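Participant: Quick one: this structure, given as structure tokens, is what I'll be asking you about.
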Amino acid sequence: MNEIHPSQRHPSQHQYTRSSSNNTRPSGSQELNVSFPPSSYNNNLNSNHNHNSNSFNNAMGSPPPEPPSSFSRAGLYDDPSKRRLDTLAIIDNAEFGWFHVRACMVAGVGFFTDAYDLFAINLVTPMLGYVYFYTSSTSHSVPADLDLALKVSASVGTFFGQIGFGYLADRLGRKRMYGVELVIIIVATFAQALCGNGPLSDDNKKAFGLSVTTGIIIWRFILGIGVGGDYPLSAVITSEFATTNRRGAMMAAVFAMQGFGYLCTGMVAIVLLLAFRPMIEADHRNLDYVWRLLIGLGCVPALVAVYFRMTIPETPRFVLDVENNLNKAEIDVANSSRPNATNFYGQPVDRIDVPKGNFKDFVHYFGQWKNFKVLLGTSMTWFALDVAFYGIGLNNTSILSTIHFGNVSADPWQTMWNATVGQVIIVLLGAIPGYWVTVFTIERLGRIKIQVLGFVMSCILFCILGFAYTPIHDKSPVLFVALFAITQFFQNFGPNATTFIIPGEVFPTRYRSTGHGISAGMGKLGAIVAQVGFSSLKDKGGPNAGIPMLLQVFALFMFIGLLFTYLVPETKGKTLEELSGEDDYASRQMQRQRPNHLYEEKDDD
């Protein structure tokens, strides 16, 4: 584009220059001229200048250039690779603002919903036993095979959702897939609450056709697909929008909403049990109202978040490195707080030389040990963690009942009340503090230190609970609950958070979502192994007699996770491009030295 002489410039036109901290440009760089040709759009924009002048500063932490309708190709911007680095530098060095808060909130609501829906089954299963399988005051449990299927079905669906959505987000884009998973969750959650039995046999002991438990199992599998899609999408979107020095805290804050979802399951159950207490004490089958409402209310937060997810912009890194559209990425970054201000369509598309994501390149990239070991490390640490995390998380009521905390003979209401209160106590004492200690310390301690600490402490605590189970069980139920809560604390102030964060940072943009999906999918395989193992071993030798052995097995998996941690790099303070091994990182380092205020206005005269 030909340069416009200042004397010929329209009054609505402005000129900006890129600056460094010492007011000198890095070697090889020249000033960026951004000009606006006279147009009705620019006249309208100029008339609203005062209203919009601070929007970019509020969102990205830098004084705003007006949205460019075209870029000068002179000087610095003759080299697309330098323009790409500069665009990434703006993202990485922006001040924390409302745009980042909004991204965390939109992603966090999804994880709140995920945890609520996944862990609600822990309380729903014993209610189903009272409603549909009650034969006497001592026989009111869901059969073991159905109990396993109810708890593992969502994990199986989550596995497929993580792999599938992870791949599709790299192929089709983060924005295009974001929100679809919430729609699946909403439909499946509501459908579970409406499941019912087919016609009953003459003795009312058998349902013909589809039983209520079979319907729940099918819909929980579908629910799991949506939950699985939320993992790679929320992690990668948060990671790619975040600044370098706050990326870990932002991702940890998103994941920490899982703790509030887990807590909310118990709190809602407490309210429902209080509301229906007279009816339940009159007839235990009225627990049918409670479990249906408990599950159905899980779609409410998802309904709130689905619109915001579908309107979130595409991440600039995906636009740069996968769509390969440099112009659009530059404008998206400059207008992140007002994405409709500039219509760049119809402009020439500048492209840069970046690797293309395809199967051949995927095999080549992960065929190198330096890259494969990272994927192996993130996958196996998540697998080892989830064996224990879901092994205890989906079976809290069984474990608490062994110390007579959750089981009161002949009183269904009191039994469910104790189990619910016990879950709330454990979450409040262990899970939620663990999540938020991670949020506030991860940028100081780093990911690997927290992960190592969590695995070591969890291993020690599971050993104590497993090998000293009998004396603790017989003499001090309070000590058992305390140790159980501390174990959950170090799982969440530890690998439960870091195994989610690290895969969203260490892979290149073209495979970041796929890599996260594979790692998370391996975690859900661990959850499936835990459920199958727990179901088959917990009653070996008598009711709940196998729990001490299972706790010892969980300790072994914590040690395995600790070993695989050393295949994973520390990501604290590093850009995503540095972590993915880009060749131009040395040039990028120079860009990172620039201050947050990357734009300053230059007088025309």
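By order of appearance in the structure tokens: chains A, B, ..., then residues from 1 within every chain, and ligands from 1 in the order shown.
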Would you tabulate, counting only C-alpha atoms, all residues of segment 193-271 of chain A that have an atom at most 8 Å from an atom of segment 277-298 of chain A, showing the closest pair of atoms and their distance in Å to one decimal, sorted by chain then ascending number, as CSV?
Facilitator:
residue,atom,partner,partner_atom,distance
A:Ala193,CA,A:Arg292,CA,4.6
A:Leu194,CA,A:Arg292,CA,7.2
A:Thr265,CA,A:Leu294,CA,7.5
A:Val268,CA,A:Leu294,CA,6.7
A:Ala269,CA,A:Leu294,CA,6.3
Participant: May I have the residues within 9 Å of segment 380-383 of chain A as a PDB file with N, CA, C and O atoms, in the first residue's frame, using only C-alpha atoms and disregarding those fewer than 6 positions away in the same chain?
Facilitator:
ATOM      1  N   PRO A 495      -1.561 -32.947  41.804  1.00  0.00           N
ATOM      2  CA  PRO A 495      -1.702 -33.420  40.421  1.00  0.00           C
ATOM      3  C   PRO A 495      -3.084 -33.246  39.817  1.00  0.00           C
ATOM      4  O   PRO A 495      -3.196 -33.196  38.588  1.00  0.00           O
ATOM      5  N   ASN A 496      -4.153 -33.171  40.617  1.00  0.00           N
ATOM      6  CA  ASN A 496      -5.466 -32.999  39.998  1.00  0.00           C
ATOM      7  C   ASN A 496      -5.551 -31.682  39.243  1.00  0.00           C
ATOM      8  O   ASN A 496      -6.224 -31.597  38.207  1.00  0.00           O
ATOM      9  N   THR A 499      -2.183 -31.717  36.305  1.00  0.00           N
ATOM     10  CA  THR A 499      -2.343 -32.582  35.137  1.00  0.00           C
ATOM     11  C   THR A 499      -3.330 -31.992  34.142  1.00  0.00           C
ATOM     12  O   THR A 499      -3.303 -32.346  32.946  1.00  0.00           O
ATOM     13  N   PHE A 500      -4.210 -31.115  34.596  1.00  0.00           N
ATOM     14  CA  PHE A 500      -5.098 -30.380  33.690  1.00  0.00           C
ATOM     15  C   PHE A 500      -4.382 -29.212  33.026  1.00  0.00           C
ATOM     16  O   PHE A 500      -4.581 -28.933  31.838  1.00  0.00           O
ATOM     17  N   SER A 519      -4.262 -36.726  26.685  1.00  0.00           N
ATOM     18  CA  SER A 519      -3.844 -36.798  28.086  1.00  0.00           C
ATOM     19  C   SER A 519      -5.048 -36.970  29.006  1.00  0.00           C
ATOM     20  O   SER A 519      -5.046 -37.818  29.910  1.00  0.00           O
ATOM     21  N   ALA A 520      -6.096 -36.160  28.768  1.00  0.00           N
ATOM     22  CA  ALA A 520      -7.297 -36.256  29.593  1.00  0.00           C
ATOM     23  C   ALA A 520      -7.999 -37.595  29.387  1.00  0.00           C
ATOM     24  O   ALA A 520      -8.545 -38.176  30.341  1.00  0.00           O
ATOM     25  N   GLY A 521      -7.996 -38.097  28.145  1.00  0.00           N
ATOM     26  CA  GLY A 521      -8.595 -39.397  27.867  1.00  0.00           C
ATOM     27  C   GLY A 521      -7.907 -40.516  28.633  1.00  0.00           C
ATOM     28  O   GLY A 521      -8.562 -41.437  29.143  1.00  0.00           O
ATOM     29  N   MET A 522      -6.586 -40.435  28.720  1.00  0.00           N
ATOM     30  CA  MET A 522      -5.862 -41.422  29.531  1.00  0.00           C
ATOM     31  C   MET A 522      -6.262 -41.316  30.998  1.00  0.00           C
ATOM     32  O   MET A 522      -6.343 -42.314  31.710  1.00  0.00           O
ATOM     33  N   GLY A 523      -6.517 -40.092  31.451  1.00  0.00           N
ATOM     34  CA  GLY A 523      -6.999 -39.922  32.818  1.00  0.00           C
ATOM     35  C   GLY A 523      -8.319 -40.641  33.029  1.00  0.00           C
ATOM     36  O   GLY A 523      -8.527 -41.310  34.049  1.00  0.00           O
ATOM     37  N   LYS A 524      -9.225 -40.506  32.053  1.00  0.00           N
ATOM     38  CA  LYS A 524     -10.519 -41.173  32.208  1.00  0.00           C
ATOM     39  C   LYS A 524     -10.400 -42.681  32.094  1.00  0.00           C
ATOM     40  O   LYS A 524     -11.194 -43.422  32.678  1.00  0.00           O
ATOM     41  N   LEU A 525      -9.418 -43.180  31.373  1.00  0.00           N
ATOM     42  CA  LEU A 525      -9.159 -44.618  31.413  1.00  0.00           C
ATOM     43  C   LEU A 525      -8.784 -45.037  32.837  1.00  0.00           C
ATOM     44  O   LEU A 525      -9.187 -46.103  33.309  1.00  0.00           O
ATOM     45  N   GLY A 526      -8.016 -44.188  33.505  1.00  0.00           N
ATOM     46  CA  GLY A 526      -7.690 -44.452  34.902  1.00  0.00           C
ATOM     47  C   GLY A 526      -8.936 -44.470  35.769  1.00  0.00           C
ATOM     48  O   GLY A 526      -9.068 -45.302  36.682  1.00  0.00           O
ATOM     49  N   ALA A 527      -9.872 -43.538  35.502  1.00  0.00           N
ATOM     50  CA  ALA A 527     -11.124 -43.502  36.265  1.00  0.00           C
ATOM     51  C   ALA A 527     -11.935 -44.773  36.029  1.00  0.00           C
ATOM     52  O   ALA A 527     -12.549 -45.319  36.963  1.00  0.00           O
ATOM     53  N   PHE A 557      -0.331 -46.236  42.759  1.00  0.00           N
ATOM     54  CA  PHE A 557      -0.529 -45.400  41.565  1.00  0.00           C
ATOM     55  C   PHE A 557      -0.036 -43.968  41.797  1.00  0.00           C
ATOM     56  O   PHE A 557       0.403 -43.303  40.855  1.00  0.00           O
ATOM     57  N   MET A 558      -0.105 -43.477  43.010  1.00  0.00           N
ATOM     58  CA  MET A 558       0.479 -42.164  43.294  1.00  0.00           C
ATOM     59  C   MET A 558       2.000 -42.182  43.074  1.00  0.00           C
ATOM     60  O   MET A 558       2.576 -41.217  42.567  1.00  0.00           O
ATOM     61  N   ILE A 560       3.566 -44.216  40.973  1.00  0.00           N
ATOM     62  CA  ILE A 560       3.751 -44.293  39.517  1.00  0.00           C
ATOM     63  C   ILE A 560       3.616 -42.911  38.891  1.00  0.00           C
ATOM     64  O   ILE A 560       4.401 -42.516  38.025  1.00  0.00           O
ATOM     65  N   GLY A 561       2.621 -42.152  39.325  1.00  0.00           N
ATOM     66  CA  GLY A 561       2.456 -40.795  38.812  1.00  0.00           C
ATOM     67  C   GLY A 561       3.656 -39.919  39.114  1.00  0.00           C
ATOM     68  O   GLY A 561       4.069 -39.103  38.285  1.00  0.00           O
ATOM     69  N   LEU A 562       4.229 -40.091  40.298  1.00  0.00           N
ATOM     70  CA  LEU A 562       5.427 -39.326  40.670  1.00  0.00           C
ATOM     71  C   LEU A 562       6.577 -39.611  39.706  1.00  0.00           C
ATOM     72  O   LEU A 562       7.281 -38.690  39.274  1.00  0.00           O
ATOM     73  N   LEU A 563       6.777 -40.865  39.336  1.00  0.00           N
ATOM     74  CA  LEU A 563       7.868 -41.224  38.425  1.00  0.00           C
ATOM     75  C   LEU A 563       7.680 -40.586  37.052  1.00  0.00           C
ATOM     76  O   LEU A 563       8.629 -40.049  36.467  1.00  0.00           O
ATOM     77  N   PHE A 564       6.476 -40.626  36.522  1.00  0.00           N
ATOM     78  CA  PHE A 564       6.230 -40.076  35.188  1.00  0.00           C
ATOM     79  C   PHE A 564       6.247 -38.543  35.177  1.00  0.00           C
ATOM     80  O   PHE A 564       6.362 -37.937  34.108  1.00  0.00           O
ATOM     81  N   THR A 565       6.127 -37.931  36.345  1.00  0.00           N
ATOM     82  CA  THR A 565       6.199 -36.463  36.400  1.00  0.00           C
ATOM     83  C   THR A 565       7.511 -35.944  35.838  1.00  0.00           C
ATOM     84  O   THR A 565       7.562 -34.851  35.249  1.00  0.00           O
TER      85      THR A 565
END
Participant: Rounded to one decimal place, report the atom CA of Lys574 of chain A-atom CA of Val456 of chain A distance in Å.
Facilitator: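 Separating atom CA of Lys574 of chain A from atom CA of Val456 of chain A is a distance of 25.7 Å.
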Participant: List as a list in words the protein and nucleic acid residues near Ile184 of chain A, meaning an atom at most 8 Å away when only C-alpha atoms are counted, but skip any in the same chain fewer than 6 places from it.
Facilitator: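 In the requested form, the answer reads Ile222, Leu223, Ile225 and Gly226 of chain A.
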Participant: List the spatial neighbours of Gly129 of chain A as a PyMOL selection string - criterion: any atom at most 9 Å away, only C-alpha atoms, same-chain residues fewer than 4 positions off excluded.
Facilitator: chain A and resi 124-125+133-134+139-143
Participant: Distance atom CA of Gly248 of chain A-atom CA of Arg510 of chain A, one decimal place?
Facilitator: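 Value for the atom CA of Gly248 of chain A-atom CA of Arg510 of chain A distance: 20.4 Å.
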Participant: Enumerate, as a ChimeraX atom specification, the complete set of residues in segment 85-145 of chain A that a backbone-based DSSP assignment places in alpha helix (DSSP H).
Facilitator: /A:85-93,98-119,121-132,144-145
Participant: Report as JSON lines the residues of segment 522-587 of chain A within 10 Å of segment 86-98 of chain A, each with its shortest atom pair and distance in Å (one decimal), using only C-alpha atoms, ordered by chain and increasing residue number.
Facilitator:
{"residue": "A:Lys574", "atom": "CA", "partner": "A:Asp92", "partner_atom": "CA", "distance": 9.7}
{"residue": "A:Thr575", "atom": "CA", "partner": "A:Asp92", "partner_atom": "CA", "distance": 7.3}
{"residue": "A:Leu576", "atom": "CA", "partner": "A:Asp92", "partner_atom": "CA", "distance": 9.1}
{"residue": "A:Glu577", "atom": "CA", "partner": "A:Leu88", "partner_atom": "CA", "distance": 9.1}
Participant: Can you spit out the residues from that selection as a PDB file, in the first residue's frame, using N, CA, C and O atoms?
Facilitator:
ATOM      1  N   LYS A 574       7.133 -19.377  30.903  1.00  0.00           N
ATOM      2  CA  LYS A 574       7.537 -19.599  29.509  1.00  0.00           C
ATOM      3  C   LYS A 574       6.357 -19.385  28.580  1.00  0.00           C
ATOM      4  O   LYS A 574       5.217 -19.713  28.918  1.00  0.00           O
ATOM      5  N   THR A 575       6.628 -18.862  27.405  1.00  0.00           N
ATOM      6  CA  THR A 575       5.564 -18.679  26.427  1.00  0.00           C
ATOM      7  C   THR A 575       5.166 -20.022  25.838  1.00  0.00           C
ATOM      8  O   THR A 575       5.932 -20.992  25.864  1.00  0.00           O
ATOM      9  N   LEU A 576       3.975 -20.075  25.265  1.00  0.00           N
ATOM     10  CA  LEU A 576       3.518 -21.315  24.641  1.00  0.00           C
ATOM     11  C   LEU A 576       4.408 -21.703  23.468  1.00  0.00           C
ATOM     12  O   LEU A 576       4.618 -22.888  23.211  1.00  0.00           O
ATOM     13  N   GLU A 577       4.939 -20.701  22.755  1.00  0.00           N
ATOM     14  CA  GLU A 577       5.801 -20.990  21.609  1.00  0.00           C
ATOM     15  C   GLU A 577       7.145 -21.535  22.069  1.00  0.00           C
ATOM     16  O   GLU A 577       7.717 -22.420  21.423  1.00  0.00           O
TER      17      GLU A 577
END
Participant: Interatomic distance between atom CA of Pro433 of chain A and atom CA of Met549 of chain A?
Facilitator: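 Computed distance, atom CA of Pro433 of chain A to atom CA of Met549 of chain A, equals 27.9 Å.
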Participant: Counting only C-alpha atoms, which of A:Gln162, A:Phe507, A:Ile547, A:Thr487 gets nearest to Phe372 of chain A?
Facilitator: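 Nearest candidate to Phe372 of chain A out of A:Gln162, A:Phe507, A:Ile547, A:Thr487: A:Phe507.
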Participant: Which residues are near Pro503 of chain A? Cut-off 8 Å, only C-alpha atoms, ignore same chain within fewer than 5 positions. Put them as number ranges by chain.
Facilitator: A: 375, 378, 512, 515-516, 519
